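Visitor: Just passing along the structure, written as structure tokens.
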Amino acid sequence: MGKVLMKGNEVIGEAAILAGCHYFFGYPITPQSELVAYMAKRLPEVKGLFLQAESEVSAINMVYGASSAGVRVMTSSSSPGFSLKQEGISYLAAANLPAVIVNIARGGPGLGNIQPSQSDYFQVTKGGGHGDYYTPVLAPSTLQEIVDLTQEAFRIADQYRTPVILLGDGMLGQMMEPVEFLKTDNQIVIDKEWATTGTKGDGSPKTITSLDLNDVKLEERNCKLQEKYKLIRRNEIKVDTYLMEDAEMAIVAYGTVARICQSAIDRVRDEGMKIGLIRPISLWPYPTDVIASYCERLNKIVVVEMSAGQMVEDVRLSVEGKVPISFYGRTGGIIPTVEELVEQFQMHGNGVLR
Amino acid sequence: MGKVLMKGNEVIGEAAILAGCHYFFGYPITPQSELVAYMAKRLPEVKGLFLQAESEVSAINMVYGASSAGVRVMTSSSSPGFSLKQEGISYLAAANLPAVIVNIARGGPGLGNIQPSQSDYFQVTKGGGHGDYYTPVLAPSTLQEIVDLTQEAFRIADQYRTPVILLGDGMLGQMMEPVEFLKTDNQIVIDKEWATTGTKGDGSPKTITSLDLNDVKLEERNCKLQEKYKLIRRNEIKVDTYLMEDAEMAIVAYGTVARICQSAIDRVRDEGMKIGLIRPISLWPYPTDVIASYCERLNKIVVVEMSAGQMVEDVRLSVEGKVPISFYGRTGGIIPTVEELVEQFQMHGNGVLR
Amino acid sequence: MKVVFERSKGLLNTETHYCPGCTHGIIHRLVAETLEEMDVLEQTIGVASVGCSVLSYQYFNCDMTQAAHGRAPAVATGIKRVLPKDRIVFTYQGDGDLASIGMGEIVHAAARGENITVIFVNNAIYGMTGGQMAPTSLLGQRTATSPEGRQPQTQGLPIRVSEMLATLDGASYIERVSTHDVAHVMKAKKAIRKAFLTQQEEKGFSMVEVLSTCPTNWGLNPEESLQWVKQEMVPYYPLGVYKDRQYKGEES
Amino acid sequence: MKVVFERSKGLLNTETHYCPGCTHGIIHRLVAETLEEMDVLEQTIGVASVGCSVLSYQYFNCDMTQAAHGRAPAVATGIKRVLPKDRIVFTYQGDGDLASIGMGEIVHAAARGENITVIFVNNAIYGMTGGQMAPTSLLGQRTATSPEGRQPQTQGLPIRVSEMLATLDGASYIERVSTHDVAHVMKAKKAIRKAFLTQQEEKGFSMVEVLSTCPTNWGLNPEESLQWVKQEMVPYYPLGVYKDRQYKGEES
Amino acid sequence: MKEEIIIAGFGGQGVMSMGQLLAFAGMKQGKEVSWLPSYGPEQRGGTANVSVVISDSKVGSPIIDSPTTVILLNNPSFEKFEKKVVPGGNILTNGDLVNLPCKRNDISLFSIQATTIAEKLGNHRVAGMVILGAFIEKTGILSKESLVEALLHVLGKEKQHLIPVNIAALESGMEMVL
Amino acid sequence: MKEEIIIAGFGGQGVMSMGQLLAFAGMKQGKEVSWLPSYGPEQRGGTANVSVVISDSKVGSPIIDSPTTVILLNNPSFEKFEKKVVPGGNILTNGDLVNLPCKRNDISLFSIQATTIAEKLGNHRVAGMVILGAFIEKTGILSKESLVEALLHVLGKEKQHLIPVNIAALESGMEMVL
Amino acid sequence: MMRIIIKEDYCKGCSLCIAFCPQEIIQLANRLNRNGYRPAEVLDQNKCTSCAACARMCPDSVISVFRPEKNKIKAS
Amino acid sequence: MMRIIIKEDYCKGCSLCIAFCPQEIIQLANRLNRNGYRPAEVLDQNKCTSCAACARMCPDSVISVFRPEKNKIKAS
Ligand SMILES: Cc1ncc(C[n+]2csc(CCOP(=O)(O)OP(=O)(O)O)c2C)c(N)n1
Ligand SMILES: Cc1ncc(C[n+]2csc(CCOP(=O)(O)OP(=O)(O)O)c2C)c(N)n1
Ligand code: SF4
Ligand code: SF4
Ligand code: SF4
Ligand code: SF4
């Protein structure tokens with residue numbers, strides 16, 4: 001079908017449809033509203049269903065229902081709305097229900113603003129809802145990558161029966177870039193014999209629940225979850241590197257800001273600095289080992305985020321004191337400019353710590 | 001007034017009243033419902049107000065309103081209900097509004113069960129709501145400590161204008177122990193000139209908001225928040241140690257499980273093992289430096305949690321690879337027994353890693 | 001011997017955790033019998049809510065999903081909207097669940113004319129959490145969170161959910177029934193049947209509000225509890241059909 | 001020269017960010033004038049919601065708190081309950097805020113008879129987020145999320161909030177007014193005044209639903225928009241007083 | 001001195017308040033105490049148990065793995081807790097309700113027809129007091145006086161008339177294990 | 001070759017769609033492109049701008065710190081963006097709407113009476129096309145053909161009748177900077 | 001002749017069947033079932049009219065009711 | 001004599017005042033204000049009856065309306 005010029009939010013929608021997701025429950029919030037509007041227009045065309053829920057809480061619980069009935073389903077929101085989904089996400093994780101949940105993050109905390117931000121990193125990778133659960137988190141940095149990762153998200157969700165988060169921000173959601181939609185294996189939807197679709201023809205009643213009043217039973221459920229997470233940690237780590245072959249200093253950055261870093265790295269390389277980029281694509285599971293594997297050769301790591309410093313903890317956990325780490329962050333929806341990053345990289349390259 | 005025998009949940013309530021908190025907005029959920037019931041009975045007696053909100057979401061927003069009007073106010077919940085409060089907590093943090101929020105945690109994820117658990121550690125210390133914010137988190141391990149920390153929580157909340165979380169679990173909430181209520185300085189309520197109480201006599205309109213459409217303004221708000229957090233990190237770290245003077249192996253545990261650890265340590269000490277306990281009381285800010293300060297002398301750290309392993313990350317961040325760390329956790333609401341901990345400690349004491 | 005009455009096949013053969021005399025059990029039976037009689041057990045998906053009936057997924061003989069507190073109508077919407085039209089989807093919710101935390105979800109499910117059936121068990125209290133005030137608790141009613149009796153000035157006035165939802169154009173069938181004696185139980189059954197038929201005929205949102213007891217938290221014995229329903233609840237919550245519009249989307 | 005009309009002192013002297021012709025501005029003025037005339041500006045606390053009026057805290061000349069999306073009634077409850085009784089507390093909410101995500105909060109504030117005043121701006125759409133369907137959008141209305149026009153079968157039927165809340169015993173004064181011409185604007189002012197008086201007299205929950213425009217997202221010019229209110233909205237949302245119970249807690 | 005007691009039975013049998021009496025009496029006697037309940041999902045019925053620690057030193061874990069005494073009021077509880085008692089510990093049962101054979105021979109078993117005795121005293125609700133009487137007599141951890149003080153506190157003003165029958169029950173229990 | 005363009009003006013002046021035309025034309029011409037909008041809080045009115053990158057190599061940052069060209073449709077935008085242009089870059093303004101003096105002398109300034117021209121062509125809405133014509137002529141980054149292709153795509157079937165006037169506008173603009 | 005059968009183990013002794021039996025022939029037994037409840041028992045099956053009032057009011061679906069076939073004479 | 005004063009900078013040119021002026025004496029000016037809007041302007045103050053219809057319909061409280069004091073003769 002060739003390249004088309006689309007907004008990131010719309011790309012998510014089209015990629016989801018390509019992945020066989022015909023059900024979407026959403027609620028408007030800037031800067032993800034284009035996705036909601038896109039689904040409202042497109043899904044009826046593929047005989048799917050778009051439903052505007054009365055709230056984010058309701059949307060995530062509609063997703064819970066649709067998922068328990070066995071279909072590929074998606075919802076999306078942005079930071080404040082995403083916070084409201086936390087109970088629901090914990091439920092999905094506990095009940096082993098697959099779903100793809102999009103967070104097109106914006107400046108926070110509180111009402112904040114509608115500019116791009118990466119300050120929901122902790123929420124999506126560690127905290128969020130209650131209880132011991134994780135959700136795989138995929139963080140694209142280009143619109144073409146959105147096409148791929150949206151489909152991957154559905155594959156992972158179904159394969160492991162888990163909610164998966166696609167994390168973007170207002171810049172990715174609202175910018176346009178040419179993208180190409182290609183068919184992949186991720187479009188194959190596996191049969192879900194566990195779904196509650198009515199017992200007709202298939203025996204005794206099935207139940208979907210996250211309740212185990214008995215502590216031994218609940219511990220069993222938790223152990224199974226942890227085993228699943230171990231498996232995901234083993235199989236689903238995604239990371240990209242750029243000019244790391246000979247790098248002595250590494251920038252670690254993801255999503256939107258990784259693009260800016262890449263431009264800045266190009267400039268600094270021109271000056272002869274041996275600098276490269278490690279770009280985690282899966283934020284959970286985190287590419288700890290990949291980062292650790294570079295430690296020997298590096299004498300400096302600079303973590304850049306559009307936050308006050310969140311992913312930097314995962315980098316520190318990966319590095320365990322072996323390489324000095326600096327952090328550079330902007331908040332409030334400000335995207336650092338190439339110029340300021342160049343300056344930062346030069347400064348740190350000279351061994352000056354911030 | 002001497003010692004009285006009370007349930008932990010009720011102790012929280014009485015301590016809050018002692019701290020001058022006369023307003024409580026709650027919603028029932030096991031295992032914290034006794035606190036709600038206690039406040040319903042006690043607050044009218046002190047001419048305060050108890051209001052049962054229609055939901056946890058509503059309760060936290062009532063707290064937002066009451067706090068913006070300048071009073072000491074509290075709400076409480078347990079894990080799933082706590083997840084629902086995340087948007088509200090992010091708003092409180094962003095709007096610099098003081099409040100004390102209690103989480104009497106239970107087994108999760110999802111509906112889970114009503115037994116004690118520590119699996120909301122990440123949620124309260126890192127993730128939770130959206131945006132770059134932290135909330136001080138206090139984790140008592142005895143009912144007497146609840147008396148003290150509840151009052152501390154109000155002091156910290158007002159002093160820094162921040163929501164503060166009091167983290168317990170079903171065991172602390174529902175057990176009884178003798179406690180004594182003593183007057184402290186924390187009962188002094190400072191004047192809140194920023195509160196929206198009507199302009200009468202005090203000039204131009206005041207506003208409470210967390211919105212900054214302008215990114216530069218929002219970054220400023222974030223910078224101020226980060227400065228506040230730096231101050232709290234400097235001033236408000238609380239940690240307890242037990243037999244750490246000569247310890248070669250340290251157990252790190254908090255809250256309920258720290259009690260069990262202490263009993264187990266006593267037993268293992270009897271066998272001559274040089275073992276001690278580091279018990280973080282403030283989970284954020286985390287006593288990183290205190291833990292780090294023991295690193296030289298330790299050859300082993302065992303982290304014990306009633307979770308699949310959450311605080312252990314903070315221990316690893318504190319230790320940065322300098323001491324081998326093992327983790328022992330129980331989930332699903334199971335409290336480890338003294339016997340099983342003794343076994344674990346002996347095993348690790350023999351240099352055997354799990 | 002002819003069987004006059006036996007345990008419905010719509011119920012699994014298991015004990016329940018309900019308190020002695022709690023009419024949740026009667027309502028379970030009525031739902032189960034209806035589904036059995038309509039021969040739709042194999043195509044039904046029930047949604048259990050959070051409340052004493054949280055474990056109802058262990059009792060009904062059909063596929064069941066357990067929903068977060070208050071969200072059963074949203075979960076049911078998700079299920080109903082993605083499955084073939086012959087599937088019957090119902091929620092089973094207490095008054096704390098439906099009328100307090102779940103108010104947004106129930107109003108919107110009704111407004112959307114969501115083609116589901118809601119069994120709304122109104123026992124004027126939170127049972128499972130130990131007897132706190134519900135939005136449906138009567139004035140003066142003593143509960144764990146209204147120890148002096150519900151006061152209108154502080155705690156507001158009880159919500160009549162059926163009357164309120166009946167104002168919504170999306171709602172098709174709404175009836176309030178009771179379980180306080182044999183005749184009313186039989187009427188309740190009829191209402192439940194009508195509600196499920198409304199769904200089967202794709203006529204939109206149906207709800208039966210069933211006045212129910214909570215002997216444990218009311219502090220009354222089971223028989224006294226039924227009396228309390230009759231004497232205290234029925235006057236404030238009048239029985240009857242509040243909506244029978246048999247709305248078909250196309251007509252409006 | 002006698003002043004016939006001038007900018008209310010209840011408004012700060014600043015431009016607004018509202019679109020040209022948006023009647024949010026008229027409604028602001030009416031609220032401001034009322035508070036000015038009642039001489040309560042200094043003891044009023046307003047609660048701004050999330051919607052186009054989110055910045056109303058920059059426009060009203062009284063203390064203001066900004067609430068999370070849909071939660072203004074809860075925030076107002078928190079404020080009202082802890083301050084001395086002479087304080088006037090109001091919320092200013094759009095229909096997305098109040099009738100969609102905030103449905104639970106508004107129903108319960110009304111049921112509790114919360115002594116606050118709610119200014120409910122119904123413009124049948126989500127303005128701020130770019131024109132998505134609201135629970136109040138009319139059948140057939142095209143919006144960003146109902147591109148083919150709102151269909152009852154999928155998207156349900158518009159909610160008449162005033163009628164619905166009027167069924168609640170806790171609600172004291174509820175009226176629906178419009179802004180589509182001078183006479184109606186003046187009526188709207190009267191209703192708003194009555195609502196605030198209800199609060200001042202401690203009679204409980206009061207709400208004025210004001211039909212309002214969104215020229216930008218309706219795709220009409222300001223004048224056409226007022227016509228649309230008159231011709232399309234008023235028939236579905238009849239104007240008038242829905243509750244005037246002047247309930248006093250003690251009486252019930 | 002330290003007693004770790006588990007009391008177990010059906011919900012509604014007064015298990016929790018028996019534990020509360022012990023903890024309160026312990027506190028009044030200047031001891032360190034803790035009381036920890038455990039319920040099933042049922043609001044009424046089902047089984048419930050409570051763990052009470054009474055000790056001369058600070059209570060670490062309020063959870064009891066190996067009780068020194070168990071007080072059992074129904075057969076399911078007997079099955080569950082019989083095996084947990086420390087060697088040399090005590091099992092006290094209401095013999096009117098527990099009729100399973102005891103498999104342990106390294107403990108002291110006291111099967112007391114507490115309901116029968118209580119009914120004889122004119123109030124079947126004081127069966128629990130009979131057993132508590134036996135407990136304090138056997139272990140010596142609490143004095144009769146502090147238990148009576150606890151009773152006074154727990155019963156409150158309105159139920160003072162029930163004091164005598166409770167004391168009588170207590171005393172009968174004490175006599176049972178003399 | 002790489003052009004980094006910022007187009008800015010009041011909301012409603014067609015800033016976003018001008019950017020979209022450029023990006024689309026760039027893509028059709030086989031270039032790498034990105035389009036990034038920026039709005040104020042206002043739904044209508046207020047100011048808005050869009051950043052468009054057209055490049056022969058992959059686009060890293062879609063954010064433009066130092067534009068090679070700015071197209072400015074009102075005075076506030078002129079004030080804001082005049083200083084950001086790289087030395088040697090271009091400032092194109094609609095001279096009917098922007099009347100502030102330019103303080104830069106290291107750039108090329110093209111003040112085009114685009115509205116006047118558009119009105120002469122019979123449709124004031126094509127003022128933007130006039131400026132885009134000037135832009136492609138000046139920079140050479142895009143061909144007229146690809147811009148026309150973009151126009152065809154963007155206008156869609158229903159508005160094909162507007163093609164001629166748009167092309168005329170484009171051409172007048174190109175002539176302006178010859 | 002057994003007109004009603006009470007599945008004793010499921011009975012919780014709530015006494016609603018007793019309250020609603022028009023014939024007043026149900027009572028609680030003087031023993032406990034395995035769940036600790038005193039189960040309902042029938043005093044006199046012959047007096048039962050198979051009206052099923054007990055069964056309909058039993059919250060636990062404990063009672064089954066039968067009627068002798070082709071027996072047109074009502075029991076007492 | 002100025003009967004109405006239009007605070008031009010706050011005007012958004014929405015034209016509602018124009019639509020509701022019974023005297024039809026308001027129009028949009030042919031210039032832009034600092035926010036890029038064509039502000040309302042009055043054609044003929046003398047024809048104004050001080051009815052304040054414009055002011056009441058103006059969403060931006062842009063218009064102030066005055067009436068000549070003690071002047072009992074209605075304009076026009
Ligand atoms: C989010 C959340 N909040 C609160 C609870 C605690 N909770 C469990 S059941 C219940 C109320 C149940 O009352 P009702 O719906 O009336 O049902 P009943 O038990 O009376 O049948 C509550 C508040 C919960 N599980 N989850
Ligand atoms: C939790 C949350 N969800 C969604 C949003 C996005 N949002 C902002 S305003 C709005 C709707 C506003 O519509 P309405 O209340 O009708 O007011 P209007 O803008 O039409 O005046 C939404 C959904 C948000 N800010 N927070
Ligand atoms: S607590 Fe009340 S509602 Fe729940 S099972 Fe018991 S009697 Fe029924
Ligand atoms: S978007 Fe609509 S509601 Fe919002 S200010 Fe503009 S016209 Fe008014
Ligand atoms: S009604 Fe049912 S549960 Fe109750 S006593 Fe009779 S048989 Fe037993
Ligand atoms: S109504 Fe007000 S804003 Fe609109 S044109 Fe007239 S003066 Fe300007």
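Identifiers in this document derive from the order of the structure tokens: chains are assigned A, B, ..., residues are numbered from 1 separately in each chain, and ligands are numbered from 1 in order of occurrence.
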Just list the residues in range 109-173 of chain F DSSP gives helix (DSSP H, G or I) on the backbone, as a VMD selection string.
Guide: chain F and resid 114 to 120 124 to 139 144 to 155 157 to 173
Visitor: Got a sec: who's within 10 Å of Glu24 in chain G, counting only C-alpha atoms, leaving out chain neighbours fewer than 4 positions off, as a PyMOL selection string?
Guide: chain G and resi 17-20+42-44+47-48
Visitor: Residues of the last selection are to be written out with C-alpha atoms, as a PDB file, in the first residue's frame.
Guide:
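What ended up in selection24.pdb:
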ATOM      1  CA  CYS G  17     -38.824 -22.530  55.951  1.00  0.00           C
ATOM      2  CA  ILE G  18     -40.254 -22.888  59.422  1.00  0.00           C
ATOM      3  CA  ALA G  19     -41.676 -19.398  59.379  1.00  0.00           C
ATOM      4  CA  PHE G  20     -43.369 -19.867  56.034  1.00  0.00           C
ATOM      5  CA  VAL G  42     -39.715 -32.262  59.042  1.00  0.00           C
ATOM      6  CA  LEU G  43     -41.972 -33.299  61.868  1.00  0.00           C
ATOM      7  CA  ASP G  44     -44.660 -34.997  59.851  1.00  0.00           C
ATOM      8  CA  LYS G  47     -49.181 -33.220  56.881  1.00  0.00           C
ATOM      9  CA  CYS G  48     -47.217 -31.637  54.033  1.00  0.00           C
TER      10      CYS G  48
END
Visitor: Out of D:Val121, D:Leu168, D:Ala48, D:Ala32, which residue has the shortest atom-to-atom distance to ligand 4 when counting only C-alpha atoms and all ligand atoms?
Guide: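 Closest to ligand 4, using only C-alpha atoms and all ligand atoms: D:Val121.
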Visitor: Can you list every residue in chain G that DSSP puts in strand (DSSP E), as a PyMOL selection string?
Guide: chain G and resi 4-6+26-28+40-42+63-67
Visitor: Specify as an NGL selection string all residues of chain D found within 8 Å of chain B, counting only C-alpha atoms.
Guide: :D and (41-45 or 57 or 61-68 or 71 or 74-83 or 87 or 104-105 or 108)
Visitor: Pick out the chain E residues within 12 Å of chain G. Count only C-alpha atoms. Give them as a VMD selection string.
Guide: chain E and resid 9 to 13 44 to 47 73 to 77 96 to 98
Visitor: Selection from above, N, CA and C atoms, as a PDB file, in the first residue's frame, can you write it?
Guide:
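Output contents, as saved in out.pdb:
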ATOM      1  N   GLY E   9     -12.953 -21.542  66.467  1.00  0.00           N
ATOM      2  CA  GLY E   9     -14.289 -22.141  66.474  1.00  0.00           C
ATOM      3  C   GLY E   9     -15.106 -21.625  65.310  1.00  0.00           C
ATOM      4  N   PHE E  10     -16.410 -21.866  65.363  1.00  0.00           N
ATOM      5  CA  PHE E  10     -17.279 -21.285  64.345  1.00  0.00           C
ATOM      6  C   PHE E  10     -17.407 -19.787  64.605  1.00  0.00           C
ATOM      7  N   GLY E  11     -17.687 -19.042  63.530  1.00  0.00           N
ATOM      8  CA  GLY E  11     -18.018 -17.642  63.730  1.00  0.00           C
ATOM      9  C   GLY E  11     -19.248 -17.556  64.619  1.00  0.00           C
ATOM     10  N   GLY E  12     -19.284 -16.609  65.507  1.00  0.00           N
ATOM     11  CA  GLY E  12     -20.463 -16.460  66.368  1.00  0.00           C
ATOM     12  C   GLY E  12     -20.332 -17.151  67.708  1.00  0.00           C
ATOM     13  N   GLN E  13     -19.267 -17.938  67.879  1.00  0.00           N
ATOM     14  CA  GLN E  13     -19.119 -18.639  69.154  1.00  0.00           C
ATOM     15  C   GLN E  13     -18.393 -17.787  70.204  1.00  0.00           C
ATOM     16  N   ARG E  44     -21.017 -14.320  58.706  1.00  0.00           N
ATOM     17  CA  ARG E  44     -21.526 -15.086  59.845  1.00  0.00           C
ATOM     18  C   ARG E  44     -21.308 -16.554  59.510  1.00  0.00           C
ATOM     19  N   GLY E  45     -21.142 -17.385  60.559  1.00  0.00           N
ATOM     20  CA  GLY E  45     -20.860 -18.779  60.278  1.00  0.00           C
ATOM     21  C   GLY E  45     -19.417 -18.888  59.820  1.00  0.00           C
ATOM     22  N   GLY E  46     -19.083 -20.004  59.208  1.00  0.00           N
ATOM     23  CA  GLY E  46     -17.703 -20.225  58.814  1.00  0.00           C
ATOM     24  C   GLY E  46     -16.841 -20.406  60.046  1.00  0.00           C
ATOM     25  N   THR E  47     -15.533 -20.407  59.848  1.00  0.00           N
ATOM     26  CA  THR E  47     -14.674 -20.584  61.008  1.00  0.00           C
ATOM     27  C   THR E  47     -13.849 -19.329  61.225  1.00  0.00           C
ATOM     28  N   LEU E  73     -13.209 -24.895  69.814  1.00  0.00           N
ATOM     29  CA  LEU E  73     -14.640 -24.941  70.075  1.00  0.00           C
ATOM     30  C   LEU E  73     -15.423 -25.713  69.027  1.00  0.00           C
ATOM     31  N   ASN E  74     -14.760 -26.282  68.036  1.00  0.00           N
ATOM     32  CA  ASN E  74     -15.469 -27.176  67.117  1.00  0.00           C
ATOM     33  C   ASN E  74     -14.516 -28.182  66.488  1.00  0.00           C
ATOM     34  N   ASN E  75     -15.083 -29.176  65.843  1.00  0.00           N
ATOM     35  CA  ASN E  75     -14.261 -30.249  65.291  1.00  0.00           C
ATOM     36  C   ASN E  75     -13.298 -29.781  64.195  1.00  0.00           C
ATOM     37  N   PRO E  76     -13.762 -28.965  63.242  1.00  0.00           N
ATOM     38  CA  PRO E  76     -12.815 -28.526  62.202  1.00  0.00           C
ATOM     39  C   PRO E  76     -11.593 -27.822  62.808  1.00  0.00           C
ATOM     40  N   SER E  77     -11.804 -27.020  63.831  1.00  0.00           N
ATOM     41  CA  SER E  77     -10.678 -26.331  64.457  1.00  0.00           C
ATOM     42  C   SER E  77      -9.756 -27.335  65.146  1.00  0.00           C
ATOM     43  N   ASP E  96     -18.488 -30.499  74.808  1.00  0.00           N
ATOM     44  CA  ASP E  96     -19.845 -30.647  74.289  1.00  0.00           C
ATOM     45  C   ASP E  96     -19.869 -30.515  72.767  1.00  0.00           C
ATOM     46  N   LEU E  97     -18.836 -29.909  72.204  1.00  0.00           N
ATOM     47  CA  LEU E  97     -18.847 -29.606  70.761  1.00  0.00           C
ATOM     48  C   LEU E  97     -17.737 -30.328  70.007  1.00  0.00           C
ATOM     49  N   VAL E  98     -16.688 -30.712  70.719  1.00  0.00           N
ATOM     50  CA  VAL E  98     -15.565 -31.387  70.075  1.00  0.00           C
ATOM     51  C   VAL E  98     -15.542 -32.822  70.556  1.00  0.00           C
TER      52      VAL E  98
END
Visitor: Grab me every residue within 6 Å of ligand 3, counting only C-alpha atoms and all ligand atoms, and send it over as a list in words.
Guide: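 Using only C-alpha atoms and all ligand atoms, everything at most 6 Å from ligand 3 comes to Tyr18, Cys19, Cys22, Cys52, Gly127, Met128, Cys214, Pro215, Thr216 and Asn217 of chain C; Gln43 of chain E.
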Visitor: Please list as an NGL selection string every residue within 8 Å of Pro62 in chain F, counting only C-alpha atoms and excluding residues in the same chain fewer than 2 positions away.
Guide: :F and (34-36 or 51-53 or 59-60 or 64)
Visitor: Can those selected residues be exported to a file as a PDB file, in the first residue's frame so that it contains N, CA and C atoms?
Guide:
ATOM      1  N   SER F  34       8.840  15.239   8.298  1.00  0.00           N
ATOM      2  CA  SER F  34       8.076  15.164   9.547  1.00  0.00           C
ATOM      3  C   SER F  34       7.271  16.442   9.695  1.00  0.00           C
ATOM      4  N   TRP F  35       6.177  16.334  10.411  1.00  0.00           N
ATOM      5  CA  TRP F  35       5.238  17.452  10.608  1.00  0.00           C
ATOM      6  C   TRP F  35       4.859  17.449  12.072  1.00  0.00           C
ATOM      7  N   LEU F  36       5.023  18.549  12.735  1.00  0.00           N
ATOM      8  CA  LEU F  36       4.753  18.570  14.177  1.00  0.00           C
ATOM      9  C   LEU F  36       4.019  19.851  14.564  1.00  0.00           C
ATOM     10  N   SER F  51       5.914  22.693  12.718  1.00  0.00           N
ATOM     11  CA  SER F  51       7.300  22.506  12.277  1.00  0.00           C
ATOM     12  C   SER F  51       7.340  21.406  11.215  1.00  0.00           C
ATOM     13  N   VAL F  52       7.919  21.716  10.081  1.00  0.00           N
ATOM     14  CA  VAL F  52       8.015  20.716   9.017  1.00  0.00           C
ATOM     15  C   VAL F  52       9.485  20.546   8.633  1.00  0.00           C
ATOM     16  N   VAL F  53       9.903  19.280   8.655  1.00  0.00           N
ATOM     17  CA  VAL F  53      11.265  18.992   8.208  1.00  0.00           C
ATOM     18  C   VAL F  53      11.175  18.236   6.885  1.00  0.00           C
ATOM     19  N   VAL F  59      14.920  11.761   9.343  1.00  0.00           N
ATOM     20  CA  VAL F  59      14.678  12.879  10.255  1.00  0.00           C
ATOM     21  C   VAL F  59      14.890  12.422  11.697  1.00  0.00           C
ATOM     22  N   GLY F  60      15.842  13.026  12.374  1.00  0.00           N
ATOM     23  CA  GLY F  60      16.021  12.710  13.784  1.00  0.00           C
ATOM     24  C   GLY F  60      14.967  13.458  14.564  1.00  0.00           C
ATOM     25  N   ILE F  64      12.219  21.825  15.723  1.00  0.00           N
ATOM     26  CA  ILE F  64      13.141  22.711  15.028  1.00  0.00           C
ATOM     27  C   ILE F  64      13.588  23.834  15.955  1.00  0.00           C
TER      28      ILE F  64
END
Visitor: What are the residues of chain C that have an atom within 12 Å of an atom of chain G, counting only C-alpha atoms, as a PyMOL selection string?
Guide: chain C and resi 1-30+32-33+59+178-189+212-213+215-216+220-227
Visitor: Hey, which residues come within 8 Å of ligand 1 if we count only C-alpha atoms and all ligand atoms? Could you give them as an NGL selection string?
Guide: (:A and (87)) or (:B and (27-30 or 55-56 or 77-78 or 80-84 or 111)) or (:C and (24 or 49-54 or 68-70 or 93-99 or 101 or 121-129 or 131 or 134 or 214))
Visitor: Which is closest to chain E among B:Val257, B:Val36, B:Met176, B:Ala16, if we use only C-alpha atoms?
Guide: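 Once distances to chain E are computed over only C-alpha atoms, the minimum belongs to B:Met176.
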Visitor: Show me, as a PyMOL selection string, the residues that have an atom within 10 Å of Pro147 in chain C when counting only C-alpha atoms, minus same-chain residues fewer than 6 positions from it.
Guide: (chain B and resi 37-38+40-42) or (chain C and resi 132-133+140-141)
Visitor: Counting only C-alpha atoms, which residues from chain C have an atom at most 8 Å from any atom of chain D, and could you show them as an MDAnalysis selection string?
Guide: chainID C and resid 100:104 107:108 111:114 152:160 163:165 167:170 249:250 252
Visitor: Nearest to chain E among B:Met39, B:Ala93, B:Ile265, B:Met311, with distances taken over only C-alpha atoms: which residue is it?
Guide: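 Smallest separation from chain E among the options: B:Ile265.
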Visitor: Counting only C-alpha atoms, a student should be able to say which residues of chain A come within 6 Å of chain F; what is the right answer, written as a list in words?
Guide: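 Within 6 Å of chain F on chain A, we get Met175, Met176, Glu177, Arg259, Ile260 and Ser263 of chain A.
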Visitor: Write the residues you've just listed into a file as a compact mmCIF listing (two decimals), in the first residue's frame, and include C-alpha atoms for each of them.
Guide:
# COMPACT_ATOMS: atom_id res chain seq x y z
CA MET A 175 3.31 14.49 14.63
CA MET A 176 3.07 13.16 11.10
CA GLU A 177 5.61 11.03 9.34
CA ARG A 259 15.33 10.86 18.49
CA ILE A 260 16.63 14.16 19.69
CA SER A 263 20.54 14.03 16.21
